[in-house]
>>> print(open('my_file-v8.pdb').read())   # PDB, C-alpha atoms
ATOM      1  CA  MET X 300     -41.088-113.299  66.064  1.00  0.00           C
ATOM      2  CA  PRO X 301     -38.507-113.923  68.816  1.00  0.00           C
ATOM      3  CA  ALA X 302     -34.877-114.003  67.718  1.00  0.00           C
ATOM      4  CA  THR X 303     -33.164-117.389  67.625  1.00  0.00           C
ATOM      5  CA  ALA X 304     -30.135-118.130  69.786  1.00  0.00           C
ATOM      6  CA  PRO X 305     -27.673-117.733  66.860  1.00  0.00           C
ATOM      7  CA  GLU X 306     -29.164-114.295  66.076  1.00  0.00           C
ATOM      8  CA  LEU X 307     -28.743-113.286  69.708  1.00  0.00           C
ATOM      9  CA  PHE X 308     -25.192-114.627  69.772  1.00  0.00           C
ATOM     10  CA  THR X 309     -24.341-112.635  66.656  1.00  0.00           C
ATOM     11  CA  ALA X 310     -25.940-109.450  67.993  1.00  0.00           C
ATOM     12  CA  LEU X 311     -24.098-109.702  71.315  1.00  0.00           C
ATOM     13  CA  ALA X 312     -20.766-111.031  70.043  1.00  0.00           C
ATOM     14  CA  ASP X 313     -19.707-107.434  69.342  1.00  0.00           C
ATOM     15  CA  PRO X 314     -18.296-105.699  72.464  1.00  0.00           C
ATOM     16  CA  THR X 315     -19.624-102.246  71.465  1.00  0.00           C
ATOM     17  CA  ARG X 316     -23.138-103.642  71.065  1.00  0.00           C
ATOM     18  CA  ARG X 317     -22.836-105.453  74.385  1.00  0.00           C
ATOM     19  CA  ALA X 318     -21.782-102.166  76.024  1.00  0.00           C
ATOM     20  CA  ILE X 319     -24.764-100.333  74.491  1.00  0.00           C
ATOM     21  CA  PHE X 320     -27.153-103.063  75.634  1.00  0.00           C
ATOM     22  CA  GLU X 321     -25.617-103.016  79.100  1.00  0.00           C
ATOM     23  CA  ARG X 322     -25.989 -99.231  79.395  1.00  0.00           C
ATOM     24  CA  LEU X 323     -29.607 -99.368  78.293  1.00  0.00           C
ATOM     25  CA  SER X 324     -30.290-102.173  80.768  1.00  0.00           C
ATOM     26  CA  ARG X 325     -29.028 -99.954  83.590  1.00  0.00           C
ATOM     27  CA  ALA X 326     -30.214 -96.548  82.409  1.00  0.00           C
ATOM     28  CA  GLY X 327     -33.748 -97.334  81.285  1.00  0.00           C
ATOM     29  CA  GLU X 328     -34.324 -95.167  78.218  1.00  0.00           C
ATOM     30  CA  LEU X 329     -31.722 -93.170  76.268  1.00  0.00           C
ATOM     31  CA  THR X 330     -31.500 -91.262  72.997  1.00  0.00           C
ATOM     32  CA  VAL X 331     -28.898 -92.053  70.332  1.00  0.00           C
ATOM     33  CA  ARG X 332     -27.085 -88.862  71.282  1.00  0.00           C
ATOM     34  CA  ALA X 333     -26.954 -89.790  74.957  1.00  0.00           C
ATOM     35  CA  LEU X 334     -25.617 -93.200  73.988  1.00  0.00           C
ATOM     36  CA  THR X 335     -23.025 -91.694  71.635  1.00  0.00           C
ATOM     37  CA  GLU X 336     -21.483 -89.095  73.929  1.00  0.00           C
ATOM     38  CA  PRO X 337     -19.434 -91.299  76.293  1.00  0.00           C
ATOM     39  CA  SER X 338     -18.924 -94.213  73.888  1.00  0.00           C
ATOM     40  CA  GLY X 339     -16.062 -92.943  71.732  1.00  0.00           C
ATOM     41  CA  VAL X 340     -17.971 -94.261  68.710  1.00  0.00           C
ATOM     42  CA  SER X 341     -19.560 -92.052  66.022  1.00  0.00           C
ATOM     43  CA  GLN X 342     -23.318 -91.440  66.049  1.00  0.00           C
ATOM     44  CA  PRO X 343     -23.900 -93.291  62.727  1.00  0.00           C
ATOM     45  CA  ALA X 344     -21.990 -96.275  64.133  1.00  0.00           C
ATOM     46  CA  VAL X 345     -24.107 -96.249  67.307  1.00  0.00           C
ATOM     47  CA  SER X 346     -27.269 -96.061  65.163  1.00  0.00           C
ATOM     48  CA  LYS X 347     -26.096 -99.034  63.139  1.00  0.00           C
ATOM     49  CA  HIS X 348     -25.434-101.060  66.283  1.00  0.00           C
ATOM     50  CA  LEU X 349     -28.877-100.118  67.614  1.00  0.00           C
ATOM     51  CA  GLY X 350     -30.368-101.383  64.344  1.00  0.00           C
ATOM     52  CA  VAL X 351     -28.727-104.777  64.837  1.00  0.00           C
ATOM     53  CA  LEU X 352     -29.876-104.924  68.472  1.00  0.00           C
ATOM     54  CA  LYS X 353     -33.406-103.970  67.411  1.00  0.00           C
ATOM     55  CA  GLN X 354     -33.429-106.651  64.708  1.00  0.00           C
ATOM     56  CA  ALA X 355     -32.537-109.216  67.386  1.00  0.00           C
ATOM     57  CA  GLY X 356     -35.358-107.910  69.581  1.00  0.00           C
ATOM     58  CA  LEU X 357     -32.897-106.728  72.235  1.00  0.00           C
ATOM     59  CA  VAL X 358     -33.911-103.061  72.159  1.00  0.00           C
ATOM     60  CA  HIS X 359     -37.164-101.204  71.697  1.00  0.00           C
ATOM     61  CA  ASP X 360     -37.388 -97.742  70.102  1.00  0.00           C
ATOM     62  CA  ARG X 361     -39.911 -95.028  70.791  1.00  0.00           C
ATOM     63  CA  LYS X 362     -40.210 -91.977  68.541  1.00  0.00           C
ATOM     64  CA  ASP X 363     -40.857 -88.661  70.289  1.00  0.00           C
ATOM     65  CA  GLY X 364     -40.802 -85.795  67.794  1.00  0.00           C
ATOM     66  CA  ARG X 365     -37.367 -85.814  66.164  1.00  0.00           C
ATOM     67  CA  GLN X 366     -35.848 -87.854  68.973  1.00  0.00           C
ATOM     68  CA  THR X 367     -35.814 -91.629  69.168  1.00  0.00           C
ATOM     69  CA  HIS X 368     -35.555 -93.155  72.623  1.00  0.00           C
ATOM     70  CA  TYR X 369     -34.124 -96.621  73.057  1.00  0.00           C
ATOM     71  CA  SER X 370     -34.665 -99.074  75.891  1.00  0.00           C
ATOM     72  CA  ALA X 371     -33.404-102.622  76.570  1.00  0.00           C
ATOM     73  CA  ARG X 372     -35.651-105.683  76.264  1.00  0.00           C
ATOM     74  CA  PRO X 373     -33.861-108.166  78.554  1.00  0.00           C
ATOM     75  CA  GLN X 374     -36.687-110.681  78.047  1.00  0.00           C
ATOM     76  CA  ALA X 375     -35.278-111.183  74.526  1.00  0.00           C
ATOM     77  CA  LEU X 376     -32.384-113.048  76.163  1.00  0.00           C
ATOM     78  CA  LYS X 377     -34.707-115.775  77.353  1.00  0.00           C
ATOM     79  CA  PRO X 378     -33.532-118.362  74.768  1.00  0.00           C
ATOM     80  CA  LEU X 379     -30.027-118.031  76.235  1.00  0.00           C
ATOM     81  CA  ALA X 380     -31.167-118.798  79.782  1.00  0.00           C
ATOM     82  CA  ASP X 381     -31.611-122.448  78.843  1.00  0.00           C
ATOM     83  CA  TRP X 382     -28.758-124.929  79.275  1.00  0.00           C
ATOM     84  CA  MET X 383     -29.719-126.814  76.127  1.00  0.00           C
ATOM     85  CA  THR X 384     -29.651-123.677  73.962  1.00  0.00           C
ATOM     86  CA  LEU X 385     -26.238-122.755  75.330  1.00  0.00           C
ATOM     87  CA  TYR X 386     -24.865-126.248  74.756  1.00  0.00           C
ATOM     88  CA  GLY X 387     -26.193-126.267  71.195  1.00  0.00           C
ATOM     89  CA  ALA X 388     -23.905-123.346  70.365  1.00  0.00           C
ATOM     90  CA  PHE X 389     -21.113-124.774  72.522  1.00  0.00           C
ATOM     91  CA  TRP X 390     -20.956-128.150  70.750  1.00  0.00           C
ATOM     92  CA  ARG X 391     -21.135-126.661  67.248  1.00  0.00           C
ATOM     93  CA  ASP X 392     -18.175-124.468  68.175  1.00  0.00           C
ATOM     94  CA  ARG X 393     -16.303-127.483  69.582  1.00  0.00           C
ATOM     95  CA  PHE X 394     -17.004-129.561  66.453  1.00  0.00           C
ATOM     96  CA  ASP X 395     -15.287-126.790  64.470  1.00  0.00           C
ATOM     97  CA  ARG X 396     -12.292-126.921  66.800  1.00  0.00           C
ATOM     98  CA  LEU X 397     -12.186-130.716  66.560  1.00  0.00           C
ATOM     99  CA  GLU X 398     -12.086-130.497  62.755  1.00  0.00           C
ATOM    100  CA  ASP X 399      -9.275-127.940  62.962  1.00  0.00           C
ATOM    101  CA  LEU X 400      -7.346-130.268  65.231  1.00  0.00           C
ATOM    102  CA  LEU X 401      -7.919-133.281  62.956  1.00  0.00           C
ATOM    103  CA  ASN X 402      -6.635-131.266  59.991  1.00  0.00           C
ATOM    104  CA  ARG X 403      -3.505-130.361  61.936  1.00  0.00           C
ATOM    105  CA  MET X 404      -2.981-133.983  63.001  1.00  0.00           C
ATOM    106  CA  ASP X 405      -2.532-134.817  59.287  1.00  0.00           C
ATOM    107  CA  GLN X 406       0.633-132.797  59.093  1.00  0.00           C
TER
ATOM    108  CA  MET B  63     -40.359-139.829  85.452  1.00  0.00           C
ATOM    109  CA  THR B  64     -39.904-136.223  84.376  1.00  0.00           C
ATOM    110  CA  GLU B  65     -39.654-135.352  80.740  1.00  0.00           C
ATOM    111  CA  THR B  66     -36.132-134.666  79.481  1.00  0.00           C
ATOM    112  CA  ARG B  67     -34.756-133.237  76.286  1.00  0.00           C
ATOM    113  CA  THR B  68     -31.862-134.359  74.108  1.00  0.00           C
ATOM    114  CA  LEU B  69     -29.455-132.259  72.072  1.00  0.00           C
ATOM    115  CA  VAL B  70     -27.956-133.841  68.953  1.00  0.00           C
ATOM    116  CA  VAL B  71     -25.087-132.418  66.905  1.00  0.00           C
ATOM    117  CA  GLU B  72     -24.058-134.508  63.942  1.00  0.00           C
ATOM    118  CA  ARG B  73     -21.466-133.853  61.272  1.00  0.00           C
ATOM    119  CA  MET B  74     -19.743-135.647  58.419  1.00  0.00           C
ATOM    120  CA  ILE B  75     -16.016-135.361  59.061  1.00  0.00           C
ATOM    121  CA  PRO B  76     -13.469-136.194  56.336  1.00  0.00           C
ATOM    122  CA  HIS B  77     -11.226-138.230  58.638  1.00  0.00           C
ATOM    123  CA  PRO B  78     -11.277-141.930  59.581  1.00  0.00           C
ATOM    124  CA  PRO B  79     -12.964-143.070  62.837  1.00  0.00           C
ATOM    125  CA  GLU B  80      -9.641-144.258  64.312  1.00  0.00           C
ATOM    126  CA  LYS B  81      -8.177-140.767  64.113  1.00  0.00           C
ATOM    127  CA  ILE B  82     -11.285-139.085  65.543  1.00  0.00           C
ATOM    128  CA  TRP B  83     -11.266-141.653  68.336  1.00  0.00           C
ATOM    129  CA  ARG B  84      -7.793-140.480  69.357  1.00  0.00           C
ATOM    130  CA  ALA B  85      -9.014-136.877  69.535  1.00  0.00           C
ATOM    131  CA  LEU B  86     -11.925-138.025  71.704  1.00  0.00           C
ATOM    132  CA  THR B  87      -9.949-140.189  74.119  1.00  0.00           C
ATOM    133  CA  GLN B  88      -6.386-138.868  74.460  1.00  0.00           C
ATOM    134  CA  GLY B  89      -6.326-136.246  77.195  1.00  0.00           C
ATOM    135  CA  ALA B  90      -3.856-133.871  75.531  1.00  0.00           C
ATOM    136  CA  LEU B  91      -5.732-133.926  72.217  1.00  0.00           C
ATOM    137  CA  LEU B  92      -9.081-133.638  73.995  1.00  0.00           C
ATOM    138  CA  GLU B  93      -7.831-130.527  75.769  1.00  0.00           C
ATOM    139  CA  GLU B  94      -6.928-128.904  72.431  1.00  0.00           C
ATOM    140  CA  TRP B  95     -10.507-128.793  71.176  1.00  0.00           C
ATOM    141  CA  LEU B  96     -12.714-129.316  74.230  1.00  0.00           C
ATOM    142  CA  MET B  97     -11.385-128.552  77.726  1.00  0.00           C
ATOM    143  CA  LYS B  98      -8.634-129.347  80.214  1.00  0.00           C
ATOM    144  CA  ASN B  99      -9.329-132.821  81.595  1.00  0.00           C
ATOM    145  CA  ASP B 100      -8.027-135.894  83.358  1.00  0.00           C
ATOM    146  CA  PHE B 101      -9.896-138.348  81.167  1.00  0.00           C
ATOM    147  CA  THR B 102      -9.062-142.060  81.474  1.00  0.00           C
ATOM    148  CA  PRO B 103     -10.549-144.435  78.899  1.00  0.00           C
ATOM    149  CA  THR B 104     -11.860-146.950  81.464  1.00  0.00           C
ATOM    150  CA  VAL B 105     -15.506-147.679  82.189  1.00  0.00           C
ATOM    151  CA  GLY B 106     -16.316-146.409  85.683  1.00  0.00           C
ATOM    152  CA  ALA B 107     -13.415-143.933  85.763  1.00  0.00           C
ATOM    153  CA  LYS B 108     -14.351-140.528  87.149  1.00  0.00           C
ATOM    154  CA  PHE B 109     -12.820-137.429  85.577  1.00  0.00           C
ATOM    155  CA  THR B 110     -13.395-133.703  85.205  1.00  0.00           C
ATOM    156  CA  PHE B 111     -13.381-131.101  82.484  1.00  0.00           C
ATOM    157  CA  ARG B 112     -12.224-127.702  83.687  1.00  0.00           C
ATOM    158  CA  THR B 113     -12.450-124.204  82.318  1.00  0.00           C
ATOM    159  CA  GLN B 114     -12.364-120.740  83.893  1.00  0.00           C
ATOM    160  CA  PRO B 115     -14.980-120.241  86.603  1.00  0.00           C
ATOM    161  CA  MET B 116     -17.784-117.834  85.836  1.00  0.00           C
ATOM    162  CA  PRO B 117     -20.718-116.472  87.844  1.00  0.00           C
ATOM    163  CA  HIS B 118     -23.089-119.299  88.793  1.00  0.00           C
ATOM    164  CA  TRP B 119     -20.689-121.967  87.557  1.00  0.00           C
ATOM    165  CA  ASN B 120     -17.333-123.031  89.008  1.00  0.00           C
ATOM    166  CA  GLY B 121     -16.122-124.079  85.547  1.00  0.00           C
ATOM    167  CA  VAL B 122     -15.984-127.780  86.435  1.00  0.00           C
ATOM    168  CA  VAL B 123     -17.842-130.582  84.656  1.00  0.00           C
ATOM    169  CA  GLU B 124     -17.969-133.816  86.689  1.00  0.00           C
ATOM    170  CA  CYS B 125     -17.923-136.930  84.533  1.00  0.00           C
ATOM    171  CA  GLU B 126     -17.830-140.703  84.727  1.00  0.00           C
ATOM    172  CA  VAL B 127     -17.083-143.018  81.808  1.00  0.00           C
ATOM    173  CA  LEU B 128     -20.225-145.074  81.116  1.00  0.00           C
ATOM    174  CA  ALA B 129     -19.390-146.987  77.923  1.00  0.00           C
ATOM    175  CA  ILE B 130     -16.454-147.508  75.592  1.00  0.00           C
ATOM    176  CA  GLU B 131     -16.525-149.350  72.269  1.00  0.00           C
ATOM    177  CA  PRO B 132     -13.245-148.421  70.567  1.00  0.00           C
ATOM    178  CA  HIS B 133     -13.662-146.432  67.337  1.00  0.00           C
ATOM    179  CA  GLN B 134     -17.465-146.690  67.615  1.00  0.00           C
ATOM    180  CA  ARG B 135     -19.005-145.315  70.771  1.00  0.00           C
ATOM    181  CA  LEU B 136     -18.013-143.386  73.882  1.00  0.00           C
ATOM    182  CA  SER B 137     -20.373-142.298  76.613  1.00  0.00           C
ATOM    183  CA  TYR B 138     -19.865-140.343  79.830  1.00  0.00           C
ATOM    184  CA  SER B 139     -21.976-138.496  82.358  1.00  0.00           C
ATOM    185  CA  TRP B 140     -21.710-134.691  82.153  1.00  0.00           C
ATOM    186  CA  ASN B 141     -22.778-132.970  85.363  1.00  0.00           C
ATOM    187  CA  ALA B 142     -22.353-129.372  86.461  1.00  0.00           C
ATOM    188  CA  ALA B 143     -23.573-127.406  89.430  1.00  0.00           C
ATOM    189  CA  GLY B 144     -24.513-123.786  88.982  1.00  0.00           C
ATOM    190  CA  GLY B 145     -27.525-121.490  88.918  1.00  0.00           C
ATOM    191  CA  LYS B 146     -29.341-124.441  87.429  1.00  0.00           C
ATOM    192  CA  LYS B 147     -28.079-127.933  88.160  1.00  0.00           C
ATOM    193  CA  LEU B 148     -27.163-129.901  85.071  1.00  0.00           C
ATOM    194  CA  GLN B 149     -27.187-133.715  84.978  1.00  0.00           C
ATOM    195  CA  THR B 150     -26.710-135.050  81.489  1.00  0.00           C
ATOM    196  CA  THR B 151     -25.071-137.854  79.531  1.00  0.00           C
ATOM    197  CA  VAL B 152     -22.851-137.240  76.498  1.00  0.00           C
ATOM    198  CA  THR B 153     -22.605-140.045  73.935  1.00  0.00           C
ATOM    199  CA  TRP B 154     -20.303-139.965  70.922  1.00  0.00           C
ATOM    200  CA  THR B 155     -21.067-142.291  68.009  1.00  0.00           C
ATOM    201  CA  LEU B 156     -18.657-142.789  65.098  1.00  0.00           C
ATOM    202  CA  ALA B 157     -19.938-144.398  61.902  1.00  0.00           C
ATOM    203  CA  PRO B 158     -17.566-144.950  58.980  1.00  0.00           C
ATOM    204  CA  VAL B 159     -18.917-143.566  55.701  1.00  0.00           C
ATOM    205  CA  PRO B 160     -17.236-143.191  52.272  1.00  0.00           C
ATOM    206  CA  GLY B 161     -14.633-140.432  52.613  1.00  0.00           C
ATOM    207  CA  GLY B 162     -14.744-140.195  56.369  1.00  0.00           C
ATOM    208  CA  THR B 163     -16.897-140.542  59.463  1.00  0.00           C
ATOM    209  CA  ARG B 164     -20.347-139.483  60.525  1.00  0.00           C
ATOM    210  CA  LEU B 165     -19.737-138.131  64.022  1.00  0.00           C
ATOM    211  CA  ARG B 166     -22.745-137.748  66.290  1.00  0.00           C
ATOM    212  CA  MET B 167     -22.820-136.120  69.724  1.00  0.00           C
ATOM    213  CA  GLU B 168     -25.919-136.738  71.771  1.00  0.00           C
ATOM    214  CA  GLN B 169     -26.354-134.948  75.094  1.00  0.00           C
ATOM    215  CA  SER B 170     -29.407-136.269  76.910  1.00  0.00           C
ATOM    216  CA  GLY B 171     -31.085-135.481  80.212  1.00  0.00           C
ATOM    217  CA  PHE B 172     -31.817-131.767  79.921  1.00  0.00           C
ATOM    218  CA  GLY B 173     -34.728-130.823  82.130  1.00  0.00           C
ATOM    219  CA  PRO B 174     -37.868-129.253  80.734  1.00  0.00           C
ATOM    220  CA  GLN B 175     -37.407-125.605  79.778  1.00  0.00           C
ATOM    221  CA  ASP B 176     -38.223-123.762  82.924  1.00  0.00           C
ATOM    222  CA  ASP B 177     -39.595-120.313  82.182  1.00  0.00           C
ATOM    223  CA  ASN B 178     -39.848-119.554  85.893  1.00  0.00           C
ATOM    224  CA  ASN B 179     -36.109-119.818  86.169  1.00  0.00           C
ATOM    225  CA  TYR B 180     -35.737-116.817  83.939  1.00  0.00           C
ATOM    226  CA  LYS B 181     -36.881-113.635  85.638  1.00  0.00           C
ATOM    227  CA  GLY B 182     -35.729-111.083  83.076  1.00  0.00           C
ATOM    228  CA  ALA B 183     -34.604-109.146  86.120  1.00  0.00           C
ATOM    229  CA  ALA B 184     -31.949-106.471  86.213  1.00  0.00           C
ATOM    230  CA  TYR B 185     -29.086-108.915  86.595  1.00  0.00           C
ATOM    231  CA  GLY B 186     -30.616-111.876  84.827  1.00  0.00           C
ATOM    232  CA  TRP B 187     -29.017-111.102  81.520  1.00  0.00           C
ATOM    233  CA  GLN B 188     -25.548-110.655  82.977  1.00  0.00           C
ATOM    234  CA  ARG B 189     -24.867-114.302  83.681  1.00  0.00           C
ATOM    235  CA  ASN B 190     -26.135-115.137  80.211  1.00  0.00           C
ATOM    236  CA  ILE B 191     -23.647-112.752  78.692  1.00  0.00           C
ATOM    237  CA  GLU B 192     -20.875-114.326  80.772  1.00  0.00           C
ATOM    238  CA  ALA B 193     -21.869-117.748  79.501  1.00  0.00           C
ATOM    239  CA  LEU B 194     -22.191-116.343  76.004  1.00  0.00           C
ATOM    240  CA  GLU B 195     -18.642-115.019  76.139  1.00  0.00           C
ATOM    241  CA  LYS B 196     -17.429-118.516  76.867  1.00  0.00           C
ATOM    242  CA  VAL B 197     -19.415-119.931  74.006  1.00  0.00           C
ATOM    243  CA  VAL B 198     -18.353-117.387  71.411  1.00  0.00           C
ATOM    244  CA  ALA B 199     -14.723-117.328  72.553  1.00  0.00           C
ATOM    245  CA  GLY B 200     -12.897-119.150  69.822  1.00  0.00           C
ATOM    246  CA  LEU B 201     -15.532-118.529  67.170  1.00  0.00           C
ATOM    247  CA  ALA B 202     -13.846-116.999  64.156  1.00  0.00           C
TER
END
>>> encode(input="my_file-v8.pdb", output="structure tokens")
Amino acid sequence: MPATAPELFTALADPTRRAIFERLSRAGELTVRALTEPSGVSQPAVSKHLGVLKQAGLVHDRKDGRQTHYSARPQALKPLADWMTLYGAFWRDRFDRLEDLLNRMDQ
Amino acid sequence: MTETRTLVVERMIPHPPEKIWRALTQGALLEEWLMKNDFTPTVGAKFTFRTQPMPHWNGVVECEVLAIEPHQRLSYSWNAAGGKKLQTTVTWTLAPVPGGTRLRMEQSGFGPQDDNNYKGAAYGWQRNIEALEKVVAGLA
């Protein structure tokens, strides 16, 4: 099942996950170790991030013996390519800000 | 006539319509929760919302006030030029309810979802991430 826009937003809101996704988009296929080495993040942390990206459909994994190779699935971003999807998230965010402002106007 | 889609966001807000109306129509307040603007509450007045430019969008929304019914309804065009041209209308409706206001935002005029516009190409995702950053900026 394709991920919904909020799931994609959540998966990509984290800068480390965005960096991993970006590297995979450029590099093609990489192992967890190859992703860990230059990242400054521990291997378990990278694995956890990959799990979140996989859950959102943003990465694909391929087992090869003891190694797992990861690749990006940019087509998973399709829901975000639509103006209406983007504005849905935009307006919900702005409603929150409006409520914050209204609460402050009380004081 | 081509088929268009409408986005609706509706929320019960525990504040009276008069107060929400101020936040919707006073430029300085509007800037605090939406965007920098030169809004004038006059039918036919043209104004802009501005934010930082990003790839495929100069950060400017071109608007014109279409309808004003104080404390009840406000409508303006909401047009942007970018990778995909956007020509929509935003209508705010305020309905008093016990304990506050039911605030409804309707943005109409979205074109049909165009799969061809999304190539999934090497750089395709980048502009989405840029737009995403704008959207999630300010989320807690």
>>> atom_distance(input="my_file-v8.pdb", atom1="CA of Glu328 (chain X)", atom2="CA of Leu385 (chain X)")
28.9 Å
>>> resolve_selection(input="my_file-v8.pdb", expression="the PyMOL selection byres ((chain X) within 6 of (chain B))", output="ChimeraX atom specification")
/X:373-374,389,396-397
>>> resolve_selection(input="my_file-v8.pdb", expression="the PyMOL selection byres ((chain B and resi 123-138) around 6)", output="compact mmCIF listing (two decimals) with C-alpha atoms, keeping the file's coordinate frame")
# COMPACT_ATOMS: atom_id res chain seq x y z
CA PRO B 79 -12.96 -143.07 62.84
CA GLU B 80 -9.64 -144.26 64.31
CA TRP B 83 -11.27 -141.65 68.34
CA VAL B 105 -15.51 -147.68 82.19
CA GLY B 106 -16.32 -146.41 85.68
CA ALA B 107 -13.42 -143.93 85.76
CA LYS B 108 -14.35 -140.53 87.15
CA PHE B 109 -12.82 -137.43 85.58
CA THR B 110 -13.40 -133.70 85.20
CA PHE B 111 -13.38 -131.10 82.48
CA VAL B 122 -15.98 -127.78 86.44
CA SER B 139 -21.98 -138.50 82.36
CA TRP B 140 -21.71 -134.69 82.15
CA ASN B 141 -22.78 -132.97 85.36
CA ALA B 142 -22.35 -129.37 86.46
CA THR B 151 -25.07 -137.85 79.53
CA VAL B 152 -22.85 -137.24 76.50
CA THR B 153 -22.60 -140.04 73.94
CA TRP B 154 -20.30 -139.96 70.92
CA THR B 155 -21.07 -142.29 68.01
CA LEU B 156 -18.66 -142.79 65.10
>>> closest_residue(input="my_file-v8.pdb", among="X:Asp381, X:Val345, X:Asp399, X:Arg372", to="Ala318 (chain X)", atoms="all atoms listed in the file")
X:Val345
>>> resolve_selection(input="my_file-v8.pdb", expression="the PyMOL selection byres ((chain X and resi 333) around 12)", output="PyMOL selection string")
chain X and resi 319+322-323+326-332+334-342+345-346+366-369
>>> atom_distance(input="my_file-v8.pdb", atom1="CA of Lys377 (chain X)", atom2="CA of Gly356 (chain X)")
11.1 Å
>>> atom_distance(input="my_file-v8.pdb", atom1="CA of Ser324 (chain X)", atom2="CA of Ala371 (chain X)")
5.2 Å
>>> axis_aligned_box(input="my_file-v8.pdb", around="region 158-166 of chain B", padding_each_side="5 Å", output="JSON")
{"center_x": -18.7, "center_y": -141.3, "center_z": 59.3, "size_x": 18.1, "size_y": 17.2, "size_z": 24.0}
>>> residues_around(input="my_file-v8.pdb", residues="Ala375 (chain X)", least_positions_apart="4", cutoff="8 Å", atoms="all atoms listed in the file", output="number ranges by chain")
X: 301-302, 355-357
